[in-house]
Structure formats: C-alpha cells, structure tokens
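Source file: start-v1.pdb (PDB, C-alpha atoms)
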ATOM      1  CA  MET B   8      30.376 -19.973 -26.197  1.00  0.00           C
ATOM      2  CA  ASN B   9      27.099 -21.526 -27.398  1.00  0.00           C
ATOM      3  CA  ALA B  10      28.502 -25.016 -26.773  1.00  0.00           C
ATOM      4  CA  LEU B  11      29.789 -24.033 -23.317  1.00  0.00           C
ATOM      5  CA  PHE B  12      26.445 -22.640 -22.131  1.00  0.00           C
ATOM      6  CA  HIS B  13      24.564 -25.567 -23.645  1.00  0.00           C
ATOM      7  CA  ALA B  14      26.793 -28.146 -21.983  1.00  0.00           C
ATOM      8  CA  SER B  15      26.872 -26.489 -18.553  1.00  0.00           C
ATOM      9  CA  LEU B  16      23.418 -24.884 -18.284  1.00  0.00           C
ATOM     10  CA  GLY B  17      21.308 -26.380 -21.053  1.00  0.00           C
ATOM     11  CA  ILE B  18      20.880 -22.970 -22.752  1.00  0.00           C
ATOM     12  CA  THR B  19      20.457 -23.159 -26.515  1.00  0.00           C
ATOM     13  CA  ASP B  20      21.413 -20.369 -28.965  1.00  0.00           C
ATOM     14  CA  PHE B  21      23.020 -18.226 -26.252  1.00  0.00           C
ATOM     15  CA  TRP B  22      23.958 -15.286 -28.502  1.00  0.00           C
ATOM     16  CA  THR B  23      20.473 -15.153 -29.987  1.00  0.00           C
ATOM     17  CA  PHE B  24      19.012 -15.024 -26.498  1.00  0.00           C
ATOM     18  CA  LEU B  25      21.502 -12.377 -25.325  1.00  0.00           C
ATOM     19  CA  LEU B  26      20.986 -10.033 -28.274  1.00  0.00           C
ATOM     20  CA  GLY B  27      17.222 -10.567 -28.273  1.00  0.00           C
ATOM     21  CA  THR B  28      17.012  -9.827 -24.554  1.00  0.00           C
ATOM     22  CA  ILE B  29      19.062  -6.628 -24.920  1.00  0.00           C
ATOM     23  CA  PHE B  30      16.829  -5.334 -27.694  1.00  0.00           C
ATOM     24  CA  ILE B  31      13.636  -6.277 -25.837  1.00  0.00           C
ATOM     25  CA  VAL B  32      14.812  -4.660 -22.578  1.00  0.00           C
ATOM     26  CA  ILE B  33      15.753  -1.334 -24.190  1.00  0.00           C
ATOM     27  CA  LEU B  34      12.431  -1.006 -25.998  1.00  0.00           C
ATOM     28  CA  PRO B  35      10.259   1.565 -24.163  1.00  0.00           C
ATOM     29  CA  GLY B  36       7.820  -0.136 -21.818  1.00  0.00           C
ATOM     30  CA  PRO B  37       5.902   0.464 -18.579  1.00  0.00           C
ATOM     31  CA  ASN B  38       8.833  -0.624 -16.387  1.00  0.00           C
ATOM     32  CA  SER B  39      11.423   1.762 -17.778  1.00  0.00           C
ATOM     33  CA  MET B  40       8.964   4.643 -18.158  1.00  0.00           C
ATOM     34  CA  TYR B  41       7.841   4.342 -14.545  1.00  0.00           C
ATOM     35  CA  VAL B  42      11.413   4.250 -13.217  1.00  0.00           C
ATOM     36  CA  LEU B  43      12.355   7.241 -15.370  1.00  0.00           C
ATOM     37  CA  SER B  44       9.393   9.274 -14.120  1.00  0.00           C
ATOM     38  CA  VAL B  45      10.166   8.427 -10.469  1.00  0.00           C
ATOM     39  CA  ALA B  46      13.835   9.341 -10.926  1.00  0.00           C
ATOM     40  CA  ALA B  47      12.949  12.670 -12.555  1.00  0.00           C
ATOM     41  CA  GLN B  48      10.341  13.618  -9.967  1.00  0.00           C
ATOM     42  CA  ARG B  49      11.616  12.062  -6.731  1.00  0.00           C
ATOM     43  CA  GLY B  50      15.310  11.246  -7.109  1.00  0.00           C
ATOM     44  CA  VAL B  51      17.677   8.286  -7.223  1.00  0.00           C
ATOM     45  CA  ARG B  52      16.695   6.391  -4.060  1.00  0.00           C
ATOM     46  CA  PRO B  53      12.935   6.109  -4.795  1.00  0.00           C
ATOM     47  CA  ALA B  54      13.802   5.216  -8.391  1.00  0.00           C
ATOM     48  CA  TYR B  55      15.955   2.313  -7.204  1.00  0.00           C
ATOM     49  CA  GLN B  56      13.095   1.210  -4.958  1.00  0.00           C
ATOM     50  CA  GLY B  57      10.977   1.073  -8.096  1.00  0.00           C
ATOM     51  CA  ALA B  58      13.733  -0.773  -9.958  1.00  0.00           C
ATOM     52  CA  PHE B  59      13.897  -3.452  -7.255  1.00  0.00           C
ATOM     53  CA  GLY B  60      10.123  -3.796  -7.493  1.00  0.00           C
ATOM     54  CA  ILE B  61      10.567  -4.494 -11.191  1.00  0.00           C
ATOM     55  CA  PHE B  62      13.303  -7.046 -10.505  1.00  0.00           C
ATOM     56  CA  ALA B  63      10.981  -8.804  -8.050  1.00  0.00           C
ATOM     57  CA  GLY B  64       8.121  -8.800 -10.555  1.00  0.00           C
ATOM     58  CA  ASP B  65      10.344 -10.166 -13.314  1.00  0.00           C
ATOM     59  CA  LEU B  66      11.604 -12.876 -10.948  1.00  0.00           C
ATOM     60  CA  ILE B  67       8.021 -13.923 -10.218  1.00  0.00           C
ATOM     61  CA  LEU B  68       7.272 -14.079 -13.952  1.00  0.00           C
ATOM     62  CA  MET B  69      10.407 -16.169 -14.498  1.00  0.00           C
ATOM     63  CA  VAL B  70       9.400 -18.625 -11.783  1.00  0.00           C
ATOM     64  CA  LEU B  71       5.871 -18.877 -13.179  1.00  0.00           C
ATOM     65  CA  SER B  72       7.296 -19.470 -16.643  1.00  0.00           C
ATOM     66  CA  ALA B  73       9.605 -22.194 -15.296  1.00  0.00           C
ATOM     67  CA  CYS B  74       6.661 -23.805 -13.484  1.00  0.00           C
ATOM     68  CA  GLY B  75       4.715 -24.156 -16.707  1.00  0.00           C
ATOM     69  CA  VAL B  76       2.279 -21.264 -16.391  1.00  0.00           C
ATOM     70  CA  ALA B  77       3.114 -20.297 -19.971  1.00  0.00           C
ATOM     71  CA  SER B  78       1.803 -23.662 -21.169  1.00  0.00           C
ATOM     72  CA  LEU B  79      -1.258 -23.266 -18.940  1.00  0.00           C
ATOM     73  CA  LEU B  80      -2.079 -19.868 -20.463  1.00  0.00           C
ATOM     74  CA  LYS B  81      -1.618 -21.246 -23.958  1.00  0.00           C
ATOM     75  CA  ALA B  82      -3.872 -24.208 -23.160  1.00  0.00           C
ATOM     76  CA  SER B  83      -6.532 -22.013 -21.519  1.00  0.00           C
ATOM     77  CA  PRO B  84      -7.369 -18.986 -23.680  1.00  0.00           C
ATOM     78  CA  ALA B  85     -10.061 -17.871 -21.225  1.00  0.00           C
ATOM     79  CA  LEU B  86      -7.491 -17.602 -18.413  1.00  0.00           C
ATOM     80  CA  PHE B  87      -5.130 -15.700 -20.679  1.00  0.00           C
ATOM     81  CA  TYR B  88      -7.883 -13.223 -21.551  1.00  0.00           C
ATOM     82  CA  VAL B  89      -8.678 -12.665 -17.857  1.00  0.00           C
ATOM     83  CA  VAL B  90      -5.011 -11.994 -17.068  1.00  0.00           C
ATOM     84  CA  LYS B  91      -4.435  -9.678 -19.993  1.00  0.00           C
ATOM     85  CA  TYR B  92      -7.627  -7.621 -19.506  1.00  0.00           C
ATOM     86  CA  ILE B  93      -6.926  -7.141 -15.793  1.00  0.00           C
ATOM     87  CA  GLY B  94      -3.405  -6.047 -16.677  1.00  0.00           C
ATOM     88  CA  ALA B  95      -4.622  -3.751 -19.443  1.00  0.00           C
ATOM     89  CA  ALA B  96      -7.163  -2.125 -17.119  1.00  0.00           C
ATOM     90  CA  TYR B  97      -4.519  -1.545 -14.442  1.00  0.00           C
ATOM     91  CA  LEU B  98      -2.038   0.030 -16.857  1.00  0.00           C
ATOM     92  CA  GLY B  99      -4.797   2.216 -18.294  1.00  0.00           C
ATOM     93  CA  TRP B 100      -5.824   3.302 -14.793  1.00  0.00           C
ATOM     94  CA  ILE B 101      -2.247   4.309 -13.955  1.00  0.00           C
ATOM     95  CA  GLY B 102      -2.053   6.294 -17.201  1.00  0.00           C
ATOM     96  CA  LEU B 103      -5.357   8.022 -16.460  1.00  0.00           C
ATOM     97  CA  GLN B 104      -4.167   8.978 -12.962  1.00  0.00           C
ATOM     98  CA  MET B 105      -1.003  10.463 -14.448  1.00  0.00           C
ATOM     99  CA  LEU B 106      -3.004  12.492 -16.960  1.00  0.00           C
ATOM    100  CA  ILE B 107      -5.284  13.778 -14.195  1.00  0.00           C
ATOM    101  CA  GLY B 108      -2.233  14.734 -12.150  1.00  0.00           C
ATOM    102  CA  CYS B 109      -0.793  16.555 -15.153  1.00  0.00           C
ATOM    103  CA  TRP B 110      -4.053  18.457 -15.669  1.00  0.00           C
ATOM    104  CA  ARG B 111      -4.245  19.452 -12.003  1.00  0.00           C
ATOM    105  CA  LYS B 112      -0.643  20.629 -12.011  1.00  0.00           C
ATOM    106  CA  LEU B 113      -1.254  22.792 -15.068  1.00  0.00           C
ATOM    107  CA  ARG B 114      -4.462  24.223 -13.585  1.00  0.00           C
ATOM    108  CA  ALA B 115      -2.908  24.982 -10.183  1.00  0.00           C
ATOM    109  CA  PRO B 116      -1.696  28.552  -9.609  1.00  0.00           C
ATOM    110  CA  ALA B 117       2.015  29.000 -10.156  1.00  0.00           C
ATOM    111  CA  PRO B 118       3.963  28.874  -6.865  1.00  0.00           C
ATOM    112  CA  ALA B 119       6.056  31.767  -5.687  1.00  0.00           C
ATOM    113  CA  GLU B 120       9.695  31.597  -6.665  1.00  0.00           C
ATOM    114  CA  GLY B 121      10.775  30.614  -3.158  1.00  0.00           C
ATOM    115  CA  GLU B 122       8.259  27.745  -3.142  1.00  0.00           C
ATOM    116  CA  ALA B 123       9.207  26.286  -6.503  1.00  0.00           C
ATOM    117  CA  ALA B 124      11.289  23.487  -5.066  1.00  0.00           C
ATOM    118  CA  ALA B 125       8.537  22.239  -2.758  1.00  0.00           C
ATOM    119  CA  VAL B 126       6.086  20.517  -5.064  1.00  0.00           C
ATOM    120  CA  PRO B 127       3.822  18.266  -2.987  1.00  0.00           C
ATOM    121  CA  ALA B 128       2.361  16.084  -5.730  1.00  0.00           C
ATOM    122  CA  PRO B 129       5.206  13.563  -6.154  1.00  0.00           C
ATOM    123  CA  VAL B 130       5.315  12.884  -2.406  1.00  0.00           C
ATOM    124  CA  LYS B 131       1.718  11.655  -2.533  1.00  0.00           C
ATOM    125  CA  GLU B 132       2.583   8.799  -4.861  1.00  0.00           C
ATOM    126  CA  SER B 133       2.333   5.261  -3.541  1.00  0.00           C
ATOM    127  CA  ASP B 134       5.356   3.253  -2.485  1.00  0.00           C
ATOM    128  CA  PRO B 135       7.609   2.899  -5.587  1.00  0.00           C
ATOM    129  CA  PHE B 136       8.531  -0.732  -4.847  1.00  0.00           C
ATOM    130  CA  ARG B 137       4.939  -1.921  -4.525  1.00  0.00           C
ATOM    131  CA  LYS B 138       3.699   0.045  -7.517  1.00  0.00           C
ATOM    132  CA  ALA B 139       6.615  -1.066  -9.711  1.00  0.00           C
ATOM    133  CA  LEU B 140       6.061  -4.685  -8.659  1.00  0.00           C
ATOM    134  CA  ILE B 141       2.448  -4.567  -9.853  1.00  0.00           C
ATOM    135  CA  ILE B 142       3.437  -2.735 -13.040  1.00  0.00           C
ATOM    136  CA  SER B 143       6.069  -5.392 -13.745  1.00  0.00           C
ATOM    137  CA  LEU B 144       3.574  -8.223 -13.252  1.00  0.00           C
ATOM    138  CA  MET B 145       1.107  -6.474 -15.593  1.00  0.00           C
ATOM    139  CA  ASN B 146       3.720  -5.382 -18.135  1.00  0.00           C
ATOM    140  CA  PRO B 147       2.664  -6.685 -21.565  1.00  0.00           C
ATOM    141  CA  LYS B 148       6.249  -6.726 -22.824  1.00  0.00           C
ATOM    142  CA  ALA B 149       7.429  -8.795 -19.847  1.00  0.00           C
ATOM    143  CA  ILE B 150       4.458 -11.162 -19.940  1.00  0.00           C
ATOM    144  CA  LEU B 151       4.890 -11.945 -23.629  1.00  0.00           C
ATOM    145  CA  PHE B 152       8.678 -12.140 -23.243  1.00  0.00           C
ATOM    146  CA  PHE B 153       8.568 -14.792 -20.532  1.00  0.00           C
ATOM    147  CA  ILE B 154       5.668 -16.688 -22.120  1.00  0.00           C
ATOM    148  CA  SER B 155       6.884 -16.856 -25.704  1.00  0.00           C
ATOM    149  CA  PHE B 156      10.605 -15.922 -25.879  1.00  0.00           C
ATOM    150  CA  PHE B 157      12.297 -16.829 -22.597  1.00  0.00           C
ATOM    151  CA  ILE B 158      11.401 -20.528 -22.515  1.00  0.00           C
ATOM    152  CA  GLN B 159      12.532 -21.207 -26.090  1.00  0.00           C
ATOM    153  CA  PHE B 160      16.183 -21.252 -25.015  1.00  0.00           C
ATOM    154  CA  VAL B 161      15.889 -24.065 -22.469  1.00  0.00           C
ATOM    155  CA  ASP B 162      16.901 -27.443 -23.851  1.00  0.00           C
ATOM    156  CA  PRO B 163      14.044 -29.819 -22.869  1.00  0.00           C
ATOM    157  CA  ALA B 164      16.503 -32.725 -22.872  1.00  0.00           C
ATOM    158  CA  PHE B 165      18.799 -31.090 -20.309  1.00  0.00           C
ATOM    159  CA  PRO B 166      18.697 -33.135 -17.077  1.00  0.00           C
ATOM    160  CA  ASN B 167      18.497 -30.116 -14.743  1.00  0.00           C
ATOM    161  CA  PRO B 168      16.333 -27.414 -16.371  1.00  0.00           C
ATOM    162  CA  VAL B 169      16.297 -25.403 -13.120  1.00  0.00           C
ATOM    163  CA  LEU B 170      19.899 -24.419 -13.859  1.00  0.00           C
ATOM    164  CA  SER B 171      18.840 -23.308 -17.335  1.00  0.00           C
ATOM    165  CA  PHE B 172      16.152 -21.002 -15.960  1.00  0.00           C
ATOM    166  CA  ILE B 173      18.510 -19.628 -13.296  1.00  0.00           C
ATOM    167  CA  GLY B 174      21.148 -18.861 -15.915  1.00  0.00           C
ATOM    168  CA  LEU B 175      18.675 -17.174 -18.256  1.00  0.00           C
ATOM    169  CA  GLY B 176      17.143 -15.274 -15.343  1.00  0.00           C
ATOM    170  CA  LEU B 177      20.503 -13.937 -14.167  1.00  0.00           C
ATOM    171  CA  ILE B 178      21.301 -12.719 -17.671  1.00  0.00           C
ATOM    172  CA  CYS B 179      17.932 -10.940 -17.885  1.00  0.00           C
ATOM    173  CA  GLN B 180      18.338  -9.298 -14.481  1.00  0.00           C
ATOM    174  CA  VAL B 181      21.892  -8.081 -15.177  1.00  0.00           C
ATOM    175  CA  ILE B 182      20.803  -6.505 -18.456  1.00  0.00           C
ATOM    176  CA  SER B 183      17.731  -4.979 -16.826  1.00  0.00           C
ATOM    177  CA  PHE B 184      19.752  -3.617 -13.869  1.00  0.00           C
ATOM    178  CA  THR B 185      22.307  -2.009 -16.184  1.00  0.00           C
ATOM    179  CA  TYR B 186      19.626  -0.380 -18.331  1.00  0.00           C
ATOM    180  CA  LEU B 187      17.504   0.840 -15.418  1.00  0.00           C
ATOM    181  CA  THR B 188      20.584   2.277 -13.683  1.00  0.00           C
ATOM    182  CA  ALA B 189      21.342   4.342 -16.776  1.00  0.00           C
ATOM    183  CA  ILE B 190      17.713   5.507 -16.889  1.00  0.00           C
ATOM    184  CA  ILE B 191      17.734   6.420 -13.190  1.00  0.00           C
ATOM    185  CA  PHE B 192      20.755   8.690 -13.477  1.00  0.00           C
ATOM    186  CA  VAL B 193      19.439  10.301 -16.655  1.00  0.00           C
ATOM    187  CA  GLY B 194      16.156  10.981 -14.847  1.00  0.00           C
ATOM    188  CA  ALA B 195      17.953  12.302 -11.764  1.00  0.00           C
ATOM    189  CA  ARG B 196      19.876  14.811 -13.908  1.00  0.00           C
ATOM    190  CA  LEU B 197      16.560  16.044 -15.255  1.00  0.00           C
ATOM    191  CA  ALA B 198      15.020  16.360 -11.789  1.00  0.00           C
ATOM    192  CA  GLU B 199      16.279  19.878 -11.089  1.00  0.00           C
ATOM    193  CA  THR B 200      14.995  21.077 -14.464  1.00  0.00           C
ATOM    194  CA  PHE B 201      11.562  19.628 -13.764  1.00  0.00           C
ATOM    195  CA  ARG B 202      11.444  21.232 -10.326  1.00  0.00           C
ATOM    196  CA  ARG B 203      12.097  24.647 -11.871  1.00  0.00           C
ATOM    197  CA  ARG B 204       9.716  24.230 -14.796  1.00  0.00           C
ATOM    198  CA  ARG B 205       6.238  23.224 -13.731  1.00  0.00           C
ATOM    199  CA  ARG B 206       4.847  22.930 -17.269  1.00  0.00           C
ATOM    200  CA  LEU B 207       7.725  20.727 -18.385  1.00  0.00           C
ATOM    201  CA  SER B 208       7.229  18.459 -15.370  1.00  0.00           C
ATOM    202  CA  ALA B 209       3.495  18.264 -16.037  1.00  0.00           C
ATOM    203  CA  GLY B 210       4.174  17.579 -19.703  1.00  0.00           C
ATOM    204  CA  MET B 211       6.430  14.663 -18.877  1.00  0.00           C
ATOM    205  CA  GLY B 212       3.873  13.226 -16.457  1.00  0.00           C
ATOM    206  CA  GLY B 213       1.148  13.547 -19.083  1.00  0.00           C
ATOM    207  CA  GLY B 214       3.350  11.978 -21.754  1.00  0.00           C
ATOM    208  CA  VAL B 215       4.178   8.998 -19.560  1.00  0.00           C
ATOM    209  CA  GLY B 216       0.486   8.687 -18.654  1.00  0.00           C
ATOM    210  CA  ALA B 217      -0.468   8.585 -22.331  1.00  0.00           C
ATOM    211  CA  MET B 218       2.173   5.900 -22.887  1.00  0.00           C
ATOM    212  CA  PHE B 219       0.721   3.801 -20.053  1.00  0.00           C
ATOM    213  CA  ILE B 220      -2.709   3.994 -21.671  1.00  0.00           C
ATOM    214  CA  GLY B 221      -1.051   2.859 -24.894  1.00  0.00           C
ATOM    215  CA  PHE B 222       0.651  -0.026 -23.093  1.00  0.00           C
ATOM    216  CA  GLY B 223      -2.718  -1.047 -21.671  1.00  0.00           C
ATOM    217  CA  ALA B 224      -4.286  -0.976 -25.124  1.00  0.00           C
ATOM    218  CA  LYS B 225      -1.404  -3.036 -26.490  1.00  0.00           C
ATOM    219  CA  LEU B 226      -1.850  -5.654 -23.784  1.00  0.00           C
ATOM    220  CA  ALA B 227      -5.628  -5.753 -24.397  1.00  0.00           C
ATOM    221  CA  THR B 228      -5.005  -6.657 -28.049  1.00  0.00           C
ATOM    222  CA  ALA B 229      -2.113  -9.074 -27.371  1.00  0.00           C
ATOM    223  CA  THR B 230      -2.366 -12.691 -28.454  1.00  0.00           C
ATOM    224  CA  LEU B 231      -0.325 -15.793 -27.717  1.00  0.00           C
TER     225      LEU B 231
END
For this file, produce the structure as structure tokens.
Amino acid sequence: MNALFHASLGITDFWTFLLGTIFIVILPGPNSMYVLSVAAQRGVRPAYQGAFGIFAGDLILMVLSACGVASLLKASPALFYVVKYIGAAYLGWIGLQMLIGCWRKLRAPAPAEGEAAAVPAPVKESDPFRKALIISLMNPKAILFFISFFIQFVDPAFPNPVLSFIGLGLICQVISFTYLTAIIFVGARLAETFRRRRRLSAGMGGGVGAMFIGFGAKLATATL
C-alpha cells in the first residue's frame, strides 16, 4: 500500500500519515467542540453548517500549506507570532463569550414549564458556517498540523506534488467528516436533555467556553 500511494500520488509513509491523522483529528480541539455545542443546542442542520465551515477552513489551510506558507512562517518568526496571537485572542474571546452566556443563563429566572423548550439564547448565535470557518482558520491544532505534520508526507522528488496534496487533503477531509458526523449525532441526542435542564445546558456552554480559552492559551504558547 505504501508503494502504491508513493508511486501514484507521491505520498510517503502512507500508514504513518493515516494513523497520525486519525489520532490528531479525534483529539479534542476547537473544531469538534464547537460542532458538538451547536449540535446539542441547535440541532443537526446548524451543526452540519458548522462542519462545512470547518471543512472550508481546513481546505484553505491545506492550500496555504501547499503554496509554501508553512515555509514562510518558519522563515519569518515575526509573522508567525502575529498569526498565532491573533488566533489566540479570537479563541479566547469566543470562550469568554460562552462563559458570559453561561453566567447569564444561570442568573436568568427559570422559565415556566410550558416555556422550557423555547430558549432564545442559541438562536442569537452567529451563522455556524462563518463562525466555524474562522475557528478552523485559528485552530492551533489545525495550524500546527498543516505546518509541521501534513507536508512531511509529500515526496519532494515527485513530479506532480499537487496530486500529493490533493490525496492527503482528501484523506484528511474524509476522516474529519466521519468524526464530525459522529459528534453531531451524539450532540443531537443530547439536545432534548439540554432543553429540559437549563443548568446542564449552561454547564456545557461554560465548559466549552473554558476549553476555548485553554485552546487560545495553547496557541499563544505554540512554537514552530
């Protein structure tokens, strides 16, 4: 299999790439946590909108990696610091907004039993696709993956490296789609529980917000 992929697509160490990508994708990160929270609070369709935003963001990162932006960031530490601090600030801001929303939900008077299903807060969120796209582009796990891991499996001597990047990109997107689909349906099954239990819903929002602040801090301390 390694020889087949190397001969046809210029991909080296295919199994290493496949297993490494699977493990990296399933590690908790901003992308999966955002999709899970949208699925639990708003349902399957908005969650898939968020998932497609993540796919678009990952595709942009792949293209930038293929165009040599990874080498540019490595050669220009100042540019890398600008990118990572902007990303860290954005992730921290999202986390702070989630924590504020959690606090407001806990402080709000409990709705009457007949009003429990009509919680207005999730509806006020921004478009899931757009927000997920920005989260994906600022995701420290994705940035470091495409800068340092992704490009290692392209044979520099292969005459058509575009095919190599397309092949690696398709593998990444299939794995990501499978994982996010599982997360979406898990979150959707939890949606009814969260609608009935205001404190549990607020607790999840606060927990995800705290994780986003942690992701921002991780990106702020990341190095090449």
Near-Val169 of chain B list (12 Å; all atoms listed in the file; drop same-chain fewer than 2 positions) as an MDAnalysis selection string: chainID B and resid 15:18 69:70 72:74 158 161:163 165:167 171:176
Answer key for the PyMOL selection byres ((chain B and resi 52) around 12), residues as a PyMOL selection string: chain B and resi 42+45-51+53-59+134-136+188+191-192+194-195
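Applied to the shown file, the PyMOL selection byres ((chain B and resi 185) around 12) selects the residues Ile29, Val32, Ile33, Ser39, Tyr55, Ala58, Phe62, Ile178, Cys179, Gln180, Val181, Ile182, Ser183, Phe184, Tyr186, Leu187, Thr188, Ala189, Ile190, Ile191 and Phe192 of chain B.
With atom CA of Ile142 of chain B on one side and atom CA of Tyr88 of chain B on the other, the separation reads 17.6 Å.
We find atom CA of Arg111 of chain B and atom CA of Gly214 of chain B to be spaced 14.4 Å apart.
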Sphere at (-1.7, 2.6, -17.0), radius 9 Å, counting all atoms listed in the file: residues as JSON, numbers by chain: {"B": [37, 94, 95, 96, 97, 98, 99, 100, 101, 102, 103, 104, 105, 142, 216, 217, 218, 219, 220, 221, 222, 223]}
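Counting only C-alpha atoms, the residue from B:Ala63, B:Leu71, B:Tyr41, B:Leu140 that sits nearest to Phe157 of chain B is B:Leu71.
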Two-atom distance - atom CA of Phe152 of chain B, atom CA of Val89 of chain B (Å): 18.2 Å
Output of the PyMOL selection byres ((chain B and resi 91) around 12), listed as a PyMOL selection string: chain B and resi 80+84-90+92-98+144-151+222-231
Mind working out the centre and edge lengths of an axis-aligned box for segment 83-91 of chain B, all listed atoms inside, 8 Å added to each side, rounded to one decimal in Å and written as JSON?
{"center_x": -7.2, "center_y": -15.8, "center_z": -20.4, "size_x": 21.6, "size_y": 28.3, "size_z": 22.6}
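In this comparison, which uses only C-alpha atoms, the residue of B:Ser155, B:Ala164, B:Gly64, B:Leu34 approaching Thr19 of chain B most closely is B:Ala164.
Taking only C-alpha atoms into account, Lys138 of chain B lies nearest to B:Ile61 out of the set B:Val193, B:Ile31, B:Ile61, B:Leu25.
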